[in-house]
Amino acid sequence: MTMVIVLTLVVLLGCSVVFGVARDPGPGPTDVAIGYSRALANRDFDALYRMTDDDVLRGRNRPRWMAEQAARPQLAMVAAAVDAQSVVELGDDARVVLAVDPVGTTVTVDLVRRQRVWLVRTISSGTEIPLSPIDPLPVDRPAVDPSQ
């Protein structure tokens, strides 16, 4: 009898762990934006590749994309100083404004949710020039308006 109770408890505990892990939504847009900016500050192009939206990669393979990014000038950021200032989430789109150094320089990170995972679409300063490592927003996909 005791064995039946113990086995029942073990099965219930196992099911609760499986359901708990399956329901975990993963990192939110703020976490992904901060991670992306810190990876950019550390020039970790492998991590950047994994956090970049496939539409932006346009079929480029990892070694080629990483070589292209390593050759481009990058925004100077202090990885330890990256902090979220504001977040706007609208459905499967999000915009996160980050402070990237102690002086208060900000960048805007636009993200899109694909298969329950947030991916970076663009990262740019207050100017219209994309800073890297990805291209500006595609024309067919509207930008997230933080004023709404």
# chains A, B, ... in the order shown; residues from 1 in each chain; ligands from 1

call {"tool": "closest_atom_pairs", "arguments": {"of": "segment 66-119 of chain A", "to": "segment 35-54 of chain A", "cutoff": "7 Å", "atoms": "only C-alpha atoms", "output": "Markdown table"}}
result
| residue | atom | partner | partner_atom | distance |
| --- | --- | --- | --- | --- |
| A:Met66 | CA | A:Phe45 | CA | 5.6 |
| A:Ala76 | CA | A:Ala41 | CA | 6.7 |
| A:Met77 | CA | A:Ala41 | CA | 5.2 |
| A:Val78 | CA | A:Ala41 | CA | 6.4 |
| A:Ala79 | CA | A:Arg38 | CA | 4.7 |
| A:Val82 | CA | A:Arg38 | CA | 6.9 |
| A:Leu119 | CA | A:Asp53 | CA | 5.1 |

call {"tool": "select_by_dssp", "arguments": {"residues": "segment 3-146 of chain A", "states": "helix (DSSP H, G or I)", "output": "ChimeraX atom specification"}}
result
/A:3-22,29-41,45-50,54-57,62-71,79-81

call {"tool": "closest_residue", "arguments": {"among": "A:Ala84, A:Leu7, A:Leu57, A:Leu90", "to": "Val107 of chain A", "atoms": "only C-alpha atoms"}}
result
A:Ala84

call {"tool": "closest_atom_pairs", "arguments": {"of": "segment 51-100 of chain A", "to": "segment 110-115 of chain A", "cutoff": "9 Å", "atoms": "only C-alpha atoms", "output": "Markdown table"}}
result
| residue | atom | partner | partner_atom | distance |
| --- | --- | --- | --- | --- |
| A:Thr52 | CA | A:Leu111 | CA | 8.9 |
| A:Asp53 | CA | A:Val112 | CA | 7.5 |
| A:Gly91 | CA | A:Arg113 | CA | 8.4 |
| A:Asp92 | CA | A:Arg113 | CA | 4.9 |
| A:Asp93 | CA | A:Val112 | CA | 4.6 |
| A:Ala94 | CA | A:Leu111 | CA | 5.1 |
| A:Arg95 | CA | A:Asp110 | CA | 4.5 |
| A:Val96 | CA | A:Asp110 | CA | 6.5 |
| A:Val97 | CA | A:Asp110 | CA | 8.8 |

call {"tool": "select_by_dssp", "arguments": {"residues": "segment 38-95 of chain A", "states": "strand (DSSP E)", "output": "list in words"}}
result
Asp83, Ala84, Gln85, Ser86, Val87, Val88, Glu89, Leu90, Asp93, Ala94 and Arg95 of chain A

call {"tool": "write_last_selection", "arguments": {"atoms": "N, CA and C atoms", "output": "CSV table (one decimal), in the first residue's frame"}}
result
chain,number,residue,atom,x,y,z
A,83,ASP,N,20.6,48.9,-19.7
A,83,ASP,CA,19.4,48.8,-18.8
A,83,ASP,C,18.2,49.3,-19.6
A,84,ALA,N,17.0,48.7,-19.4
A,84,ALA,CA,15.8,49.1,-20.1
A,84,ALA,C,15.2,50.3,-19.5
A,85,GLN,N,14.9,51.3,-20.4
A,85,GLN,CA,14.2,52.5,-20.0
A,85,GLN,C,12.7,52.5,-20.2
A,86,SER,N,12.3,51.8,-21.4
A,86,SER,CA,10.9,51.7,-21.6
A,86,SER,C,10.6,50.5,-22.5
A,87,VAL,N,9.4,50.0,-22.4
A,87,VAL,CA,9.0,48.8,-23.2
A,87,VAL,C,7.6,49.0,-23.7
A,88,VAL,N,7.3,48.7,-25.0
A,88,VAL,CA,6.0,48.8,-25.5
A,88,VAL,C,5.8,47.4,-26.2
A,89,GLU,N,4.8,46.7,-25.8
A,89,GLU,CA,4.5,45.4,-26.4
A,89,GLU,C,3.1,45.4,-27.1
A,90,LEU,N,3.0,45.2,-28.4
A,90,LEU,CA,1.7,45.2,-29.1
A,90,LEU,C,1.6,43.8,-29.8
A,93,ASP,N,4.7,42.2,-31.6
A,93,ASP,CA,5.8,43.2,-31.8
A,93,ASP,C,6.1,43.9,-30.5
A,94,ALA,N,7.3,44.3,-30.4
A,94,ALA,CA,7.7,45.0,-29.2
A,94,ALA,C,8.8,46.0,-29.5
A,95,ARG,N,8.9,47.1,-28.7
A,95,ARG,CA,9.9,48.0,-28.9
A,95,ARG,C,10.5,48.3,-27.5

call {"tool": "atom_distance", "arguments": {"atom1": "atom CA of Ala33 of chain A", "atom2": "atom CA of Val17 of chain A"}}
result
28.5 Å

call {"tool": "atom_distance", "arguments": {"atom1": "atom CA of Thr30 of chain A", "atom2": "atom CA of Val56 of chain A"}}
result
19.5 Å

call {"tool": "closest_residue", "arguments": {"among": "A:Val6, A:Val18, A:Val109, A:Val117", "to": "Ile34 of chain A", "atoms": "only C-alpha atoms"}}
result
A:Val109

call {"tool": "atom_distance", "arguments": {"atom1": "atom CA of Asn61 of chain A", "atom2": "atom CA of Pro27 of chain A"}}
result
24.8 Å

call {"tool": "closest_residue", "arguments": {"among": "A:Gly59, A:Ile5, A:Ser124, A:Pro102", "to": "Gln74 of chain A", "atoms": "only C-alpha atoms"}}
result
A:Ser124
